[in-house]
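> Structure: start_27.txt, compact mmCIF, C-alpha atoms.
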```txt
# COMPACT_ATOMS: atom_id res chain seq x y z
CA MET B 1 17.05 -2.11 21.61
CA LYS B 2 16.35 1.52 20.67
CA LYS B 3 12.83 2.15 19.43
CA LYS B 4 12.51 3.32 15.86
CA GLN B 5 11.45 6.92 15.54
CA PHE B 6 8.82 7.93 12.98
CA ALA B 7 7.48 11.30 11.92
CA VAL B 8 4.12 11.63 10.19
CA ILE B 9 3.51 14.88 8.31
CA GLY B 10 -0.16 15.45 7.53
CA LEU B 11 -2.85 14.10 9.85
CA GLY B 12 -5.74 13.53 7.47
CA ARG B 13 -7.41 10.14 7.24
CA PHE B 14 -4.34 8.38 5.79
CA GLY B 15 -1.69 10.06 7.94
CA GLY B 16 -3.85 9.80 11.03
CA SER B 17 -4.33 6.07 10.47
CA ILE B 18 -0.56 5.54 10.14
CA CYS B 19 0.09 7.64 13.23
CA ARG B 20 -2.43 5.68 15.28
CA THR B 21 -1.19 2.27 14.10
CA LEU B 22 2.48 3.06 14.72
CA SER B 23 1.64 4.38 18.19
CA GLU B 24 -0.39 1.25 18.99
CA GLN B 25 2.67 -0.81 18.00
CA GLY B 26 4.71 1.04 20.63
CA MET B 27 6.72 3.18 18.21
CA GLU B 28 7.88 6.71 18.90
CA VAL B 29 5.84 8.98 16.65
CA LEU B 30 6.08 12.70 15.99
CA ALA B 31 2.83 13.96 14.44
CA ILE B 32 3.00 17.19 12.42
CA ASP B 33 0.21 19.17 10.78
CA ILE B 34 -0.47 22.80 9.91
CA ASP B 35 -3.99 22.46 11.35
CA GLU B 36 -4.08 22.97 15.12
CA ASP B 37 -7.34 21.03 15.58
CA ARG B 38 -5.85 17.93 13.94
CA VAL B 39 -2.71 18.22 16.06
CA ASN B 40 -4.82 18.45 19.21
CA GLU B 41 -6.72 15.33 18.12
CA TYR B 42 -3.49 13.30 17.98
CA ALA B 43 -1.77 14.89 20.98
CA SER B 44 -2.80 11.99 23.22
CA ILE B 45 -2.05 9.33 20.58
CA ALA B 46 1.40 10.25 19.22
CA SER B 47 4.52 10.60 21.37
CA HIS B 48 4.66 14.26 20.32
CA ALA B 49 2.28 16.33 18.20
CA VAL B 50 3.18 19.77 16.87
CA VAL B 51 1.67 22.47 14.70
CA GLY B 52 4.10 23.26 11.91
CA ASP B 53 4.48 24.15 8.24
CA SER B 54 6.52 21.35 6.69
CA THR B 55 7.39 23.51 3.68
CA ASP B 56 9.47 25.70 6.00
CA GLU B 57 12.97 24.22 6.24
CA ALA B 58 13.65 26.04 9.52
CA VAL B 59 10.61 24.36 11.13
CA LEU B 60 11.74 20.88 10.11
CA LYS B 61 15.30 21.59 11.26
CA SER B 62 14.04 22.79 14.65
CA LEU B 63 12.16 19.49 15.07
CA GLY B 64 15.37 17.51 14.42
CA ILE B 65 13.66 15.76 11.53
CA ARG B 66 16.91 14.39 10.10
CA ASN B 67 17.33 12.21 13.19
CA PHE B 68 14.13 10.24 12.53
CA ASP B 69 14.44 6.72 11.09
CA HIS B 70 11.45 7.14 8.78
CA VAL B 71 9.33 10.11 7.74
CA ILE B 72 5.89 9.64 6.17
CA VAL B 73 4.58 12.58 4.12
CA ALA B 74 0.80 12.16 4.13
CA ILE B 75 -0.20 15.62 2.94
CA GLY B 76 -3.60 15.51 1.22
CA ASP B 77 -4.53 17.56 -1.83
CA ASN B 78 -1.74 20.15 -1.70
CA ILE B 79 0.63 18.57 -4.21
CA GLN B 80 3.01 21.53 -4.11
CA ALA B 81 3.39 21.26 -0.33
CA SER B 82 3.91 17.50 -0.62
CA ILE B 83 6.68 17.90 -3.23
CA LEU B 84 8.41 20.77 -1.43
CA THR B 85 8.31 18.90 1.89
CA THR B 86 9.83 15.80 0.28
CA LEU B 87 12.56 17.90 -1.33
CA ILE B 88 13.47 19.54 1.99
CA LEU B 89 13.53 16.16 3.77
CA LYS B 90 15.94 14.81 1.15
CA GLU B 91 18.18 17.87 1.43
CA LEU B 92 18.23 17.52 5.23
CA GLY B 93 19.42 13.92 4.87
CA VAL B 94 16.39 11.95 6.05
CA GLN B 95 17.22 8.30 5.33
CA ASN B 96 13.78 6.85 4.61
CA ILE B 97 10.89 8.84 3.15
CA THR B 98 7.46 7.46 2.24
CA VAL B 99 5.10 9.83 0.46
CA LYS B 100 1.40 9.66 -0.38
CA ALA B 101 0.73 10.42 -4.06
CA THR B 102 -2.59 11.72 -5.35
CA ASN B 103 -2.02 10.83 -9.01
CA ASP B 104 0.53 9.32 -11.41
CA TYR B 105 2.11 12.68 -12.27
CA HIS B 106 2.59 13.39 -8.58
CA GLU B 107 4.24 9.97 -8.18
CA LYS B 108 6.67 10.60 -11.05
CA VAL B 109 7.80 13.89 -9.55
CA LEU B 110 8.19 12.36 -6.07
CA LYS B 111 10.35 9.55 -7.43
CA LYS B 112 12.49 12.00 -9.41
CA ILE B 113 13.24 14.07 -6.30
CA GLY B 114 14.18 11.01 -4.28
CA ALA B 115 11.17 9.67 -2.36
CA ASP B 116 12.10 6.15 -1.20
CA GLN B 117 8.56 4.84 -1.39
CA VAL B 118 5.42 6.27 -2.99
CA VAL B 119 1.98 4.98 -2.06
CA HIS B 120 -1.48 5.51 -3.55
CA PRO B 121 -3.76 4.63 -0.60
CA GLU B 122 -7.03 5.35 -2.41
CA ARG B 123 -6.03 3.48 -5.58
CA ASP B 124 -4.54 0.52 -3.70
CA MET B 125 -7.60 0.22 -1.46
CA GLY B 126 -9.79 0.46 -4.56
CA GLU B 127 -7.93 -2.48 -6.11
CA ARG B 128 -8.37 -4.55 -2.95
CA ILE B 129 -12.10 -3.81 -2.85
CA ALA B 130 -12.48 -4.51 -6.58
CA HIS B 131 -10.82 -7.91 -6.20
CA SER B 132 -13.12 -8.83 -3.32
CA ILE B 133 -16.20 -7.70 -5.28
CA ILE B 134 -15.25 -9.62 -8.43
CA SER B 135 -14.84 -12.95 -6.64
CA ASN B 136 -16.46 -14.31 -3.49
CA ASN B 137 -13.38 -16.50 -3.09
CA VAL B 138 -10.90 -13.60 -2.88
CA LEU B 139 -10.93 -12.42 0.72
CA ASP B 140 -8.02 -9.99 0.67
CA TYR B 141 -5.53 -8.58 -1.79
CA LEU B 142 -2.17 -6.87 -1.34
CA GLU B 143 -0.25 -5.47 -4.29
CA LEU B 144 3.51 -6.16 -4.07
CA SER B 145 4.39 -4.56 -7.40
CA ASP B 146 2.71 -3.73 -10.71
CA VAL B 147 2.51 -7.43 -11.57
CA HIS B 148 2.82 -9.40 -8.30
CA SER B 149 0.45 -9.75 -5.36
CA ILE B 150 -0.36 -11.70 -2.21
CA VAL B 151 -3.97 -12.89 -2.20
CA GLU B 152 -6.13 -14.71 0.33
CA ILE B 153 -8.42 -17.17 -1.45
CA ALA B 154 -11.10 -19.35 0.16
CA ALA B 155 -10.75 -23.01 -0.84
CA SER B 156 -13.75 -24.28 -2.80
CA ASP B 157 -15.33 -27.74 -3.20
CA ARG B 158 -12.94 -28.36 -6.10
CA LEU B 159 -9.89 -28.33 -3.78
CA ASP B 160 -11.51 -30.12 -0.82
CA GLY B 161 -9.72 -33.34 0.14
CA HIS B 162 -6.75 -32.86 -2.19
CA SER B 163 -3.14 -32.54 -1.04
CA LEU B 164 -0.83 -29.79 -2.26
CA LEU B 165 1.24 -32.51 -3.92
CA GLU B 166 -1.77 -33.76 -5.90
CA LEU B 167 -2.77 -30.27 -6.96
CA ASP B 168 0.82 -29.43 -8.00
CA ILE B 169 -0.09 -25.74 -7.89
CA ARG B 170 3.43 -24.36 -8.31
CA ALA B 171 4.08 -26.34 -11.51
CA ARG B 172 0.63 -25.76 -12.99
CA TYR B 173 0.16 -22.11 -12.16
CA GLY B 174 3.59 -20.75 -11.18
CA ILE B 175 2.34 -19.54 -7.80
CA ASN B 176 3.12 -20.53 -4.22
CA ILE B 177 0.84 -21.22 -1.27
CA VAL B 178 2.85 -19.70 1.57
CA ALA B 179 0.34 -20.39 4.33
CA ILE B 180 -3.08 -21.87 5.05
CA LYS B 181 -5.49 -20.38 7.57
CA ARG B 182 -7.78 -22.98 9.13
CA GLY B 183 -10.01 -21.51 11.80
CA ASN B 184 -7.69 -20.04 14.42
CA GLN B 185 -4.75 -22.07 13.13
CA VAL B 186 -2.22 -20.76 10.61
CA ILE B 187 -0.08 -23.35 8.81
CA VAL B 188 3.03 -21.56 7.53
CA SER B 189 4.99 -23.14 4.66
CA PRO B 190 2.62 -26.13 4.45
CA LEU B 191 4.08 -29.51 3.52
CA ALA B 192 3.28 -31.09 0.16
CA SER B 193 1.26 -33.73 2.03
CA GLU B 194 -1.07 -31.11 3.58
CA ILE B 195 -4.71 -31.82 2.70
CA ILE B 196 -6.80 -28.77 1.78
CA ARG B 197 -10.28 -28.60 3.25
CA LYS B 198 -13.23 -26.59 2.03
CA GLY B 199 -13.26 -23.28 3.92
CA ASP B 200 -9.48 -23.12 4.31
CA VAL B 201 -8.02 -19.73 3.43
CA LEU B 202 -5.06 -20.10 1.09
CA ILE B 203 -2.47 -17.30 1.20
CA VAL B 204 -1.07 -17.23 -2.32
CA ILE B 205 1.85 -15.26 -3.74
CA GLY B 206 2.70 -14.87 -7.42
CA ALA B 207 2.19 -12.97 -10.65
CA ASP B 208 -1.29 -11.46 -11.02
CA GLU B 209 -2.06 -13.33 -14.27
CA ASP B 210 -1.07 -16.66 -12.68
CA ILE B 211 -3.16 -15.95 -9.59
CA ASP B 212 -6.11 -15.08 -11.85
CA ARG B 213 -5.76 -18.42 -13.68
CA PHE B 214 -5.64 -20.29 -10.38
CA GLU B 215 -8.60 -18.33 -9.02
CA ALA B 216 -10.68 -19.16 -12.10
CA LYS B 217 -9.93 -22.85 -11.51
CA VAL B 218 -10.70 -22.64 -7.80
CA VAL B 219 -14.05 -20.98 -8.47
CA SER B 220 -14.87 -23.32 -11.35
CA ASN B 221 -17.15 -26.28 -10.63
CA GLU B 222 -16.29 -28.09 -13.85
```
Now, as a test, write the supplied structure out as structure tokens.

Amino acid sequence: MKKKQFAVIGLGRFGGSICRTLSEQGMEVLAIDIDEDRVNEYASIASHAVVGDSTDEAVLKSLGIRNFDHVIVAIGDNIQASILTTLILKELGVQNITVKATNDYHEKVLKKIGADQVVHPERDMGERIAHSIISNNVLDYLELSDVHSIVEIAASDRLDGHSLLELDIRARYGINIVAIKRGNQVIVSPLASEIIRKGDVLIVIGADEDIDRFEAKVVSNE
């Protein structure tokens, strides 16, 4: 099967991290940045690394950018360059474009000009850290939408020894436990008869307000 081809434009901390991760997963990655030092840094990591101005349509055309399966625009603080690059990519017919936004206004403009996905890495990471700080039981947090998330929650004394059937979590809280991590074991789609043990990590999916209600109950020692 043909490998997917990715292009990452902007090799700052966010773009560099994506470039490195995709490369480690065996993907074909073209790394592009206007800064020669950054390009040199990723020359041995990405499949190809080039110095180029992504706001120049001729440069992107010469790189055959329209043939890539997915282009990630990870340009840092230069909002104008980010928007112009996204616009050119759309006009060239790139099928899938993910763009880093620096603020809500930036996001609105990116969506209006056709970005397929807009991410706020700093904000999203901030939310994950905030959730872990607020509760010792929340181990990780991934936002799915403005109102839905996947959360890893450590099972407390209150849940120890009870089956999923007894707890009736879906009916009481409107959330689903999609997996349980127990040491090195991961129980995917656990049966209703599965007994939860203290220290288990519950992977929960649902609306944020429902997860918060469940979390409050899990933490509670009443």
> Pick out the closest residue to B:His148 from this set: B:Glu194, B:Val99, B:Gly93, B:Gly206. Count all atoms listed in the file.
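That would be B:Gly206, the residue with the smallest distance to B:His148.
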> Of the candidates B:His48, B:Arg158, B:Phe214, B:Ala31, which one gets nearest to B:Arg172 if we count all atoms listed in the file?
B:Phe214
> Up to 10 Å from (-2.6, 14.5, 16.7) in the file's coordinates: name the residues, counting all atoms listed in the file, as a ChimeraX atom specification.
/B:8,10-12,15-16,19-20,30-33,35-51
> Could you list as a compact mmCIF listing (two decimals) with C-alpha atoms, keeping the file's coordinate frame every residue that has an atom within 6 Å of (-10.4, -21.1, -3.4), using the file's coordinates and counting only C-alpha atoms?

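Dumped to part_29.txt:
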```
# COMPACT_ATOMS: atom_id res chain seq x y z
CA ASN B 137 -13.38 -16.50 -3.09
CA ILE B 153 -8.42 -17.17 -1.45
CA ALA B 154 -11.10 -19.35 0.16
CA ALA B 155 -10.75 -23.01 -0.84
CA SER B 156 -13.75 -24.28 -2.80
CA VAL B 218 -10.70 -22.64 -7.80
```
> Just want the 7 Å neighbourhood of B:Asp160, counted on all atoms listed in the file, with same-chain residues fewer than 3 positions away dropped. Output as an MDAnalysis selection string.
chainID B and resid 156:157 196:198
> Draw an axis-aligned box tight on the listed atoms of stretch 22-36 of chain B, then pad every side by 4 Å and write out centre and edge lengths in Å to one decimal as JSON.

```
{"center_x": 1.9, "center_y": 11.1, "center_z": 15.3, "size_x": 20.0, "size_y": 31.8, "size_z": 18.7}
```
> What is the distance, in Å and to one decimal place, between atom CA of B:Ala216 and atom CA of B:Arg182?
21.8 Å
> Suppose you want the space between atom CA of B:Thr102 and atom CA of B:Ile9; what is it in Å?
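For atom CA of B:Thr102 relative to atom CA of B:Ile9, the distance reads 15.3 Å.
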> May I ask which of the residues B:His106, B:Ala192, B:Ala81, B:Ile18 is the closest one to B:Ile169, counting only C-alpha atoms?
B:Ala192
> Find the residues around B:Ala179 up to 9 Å (all atoms listed in the file counted), leave out those fewer than 6 positions away in its own chain, and share them as number ranges by chain.
B: 186-190, 201-204
> So what do you get for atom CA of B:Val71 versus atom CA of B:Ile97, distance-wise?
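Taking atom CA of B:Val71 as the start and atom CA of B:Ile97 as the end point, the length is 5.0 Å.
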> Mind checking which residues fall within 9 Å of B:Glu57, counting all atoms listed in the file, ignoring those fewer than 4 positions away in the same chain, and posting them as a list in words?
Asp53, Lys61, Ser62, Thr85, Ile88, Leu89 and Leu92 of chain B
> Determine, counting only C-alpha atoms, which protein, DNA and RNA residues have an atom within 9 Å of an atom of B:Thr86; residues of the same chain fewer than 3 positions away are not included. Present the result as an MDAnalysis selection string.
chainID B and resid 55 73 81:83 89:91 97:99 110 113:115
> Take the residues that were just selected and, keeping C-alpha atoms, output them as an mmCIF file, in the coordinates of the input.

```cif
data_model
loop_
_atom_site.group_PDB
_atom_site.id
_atom_site.type_symbol
_atom_site.label_atom_id
_atom_site.label_comp_id
_atom_site.auth_asym_id
_atom_site.auth_seq_id
_atom_site.Cartn_x
_atom_site.Cartn_y
_atom_site.Cartn_z
ATOM 1 C CA THR B 55 7.390 23.510 3.680
ATOM 2 C CA VAL B 73 4.580 12.580 4.120
ATOM 3 C CA ALA B 81 3.390 21.260 -0.330
ATOM 4 C CA SER B 82 3.910 17.500 -0.620
ATOM 5 C CA ILE B 83 6.680 17.900 -3.230
ATOM 6 C CA LEU B 89 13.530 16.160 3.770
ATOM 7 C CA LYS B 90 15.940 14.810 1.150
ATOM 8 C CA GLU B 91 18.180 17.870 1.430
ATOM 9 C CA ILE B 97 10.890 8.840 3.150
ATOM 10 C CA THR B 98 7.460 7.460 2.240
ATOM 11 C CA VAL B 99 5.100 9.830 0.460
ATOM 12 C CA LEU B 110 8.190 12.360 -6.070
ATOM 13 C CA ILE B 113 13.240 14.070 -6.300
ATOM 14 C CA GLY B 114 14.180 11.010 -4.280
ATOM 15 C CA ALA B 115 11.170 9.670 -2.360
#
```
> Find, counting only C-alpha atoms, the residue in B:Phe14, B:Gly64, B:Gly52, B:Arg213 that gets nearest to B:His120.
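Between B:Phe14, B:Gly64, B:Gly52, B:Arg213, the residue approaching B:His120 most closely is B:Phe14.
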> Go through B:Val94, B:Ala101, B:Val147, B:Leu22 and flag the residue nearest B:His70, using all atoms listed in the file for the distances.
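Residue with the minimum atom-to-atom distance to B:His70: B:Val94.
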> Measuring between all atoms listed in the file, which one of B:Gln80, B:Ser23, B:Gln5, B:Ser17 shows the shortest distance to B:Asn96?
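Checking each of B:Gln80, B:Ser23, B:Gln5, B:Ser17 against B:Asn96, counting all atoms listed in the file, the winner is B:Gln5.
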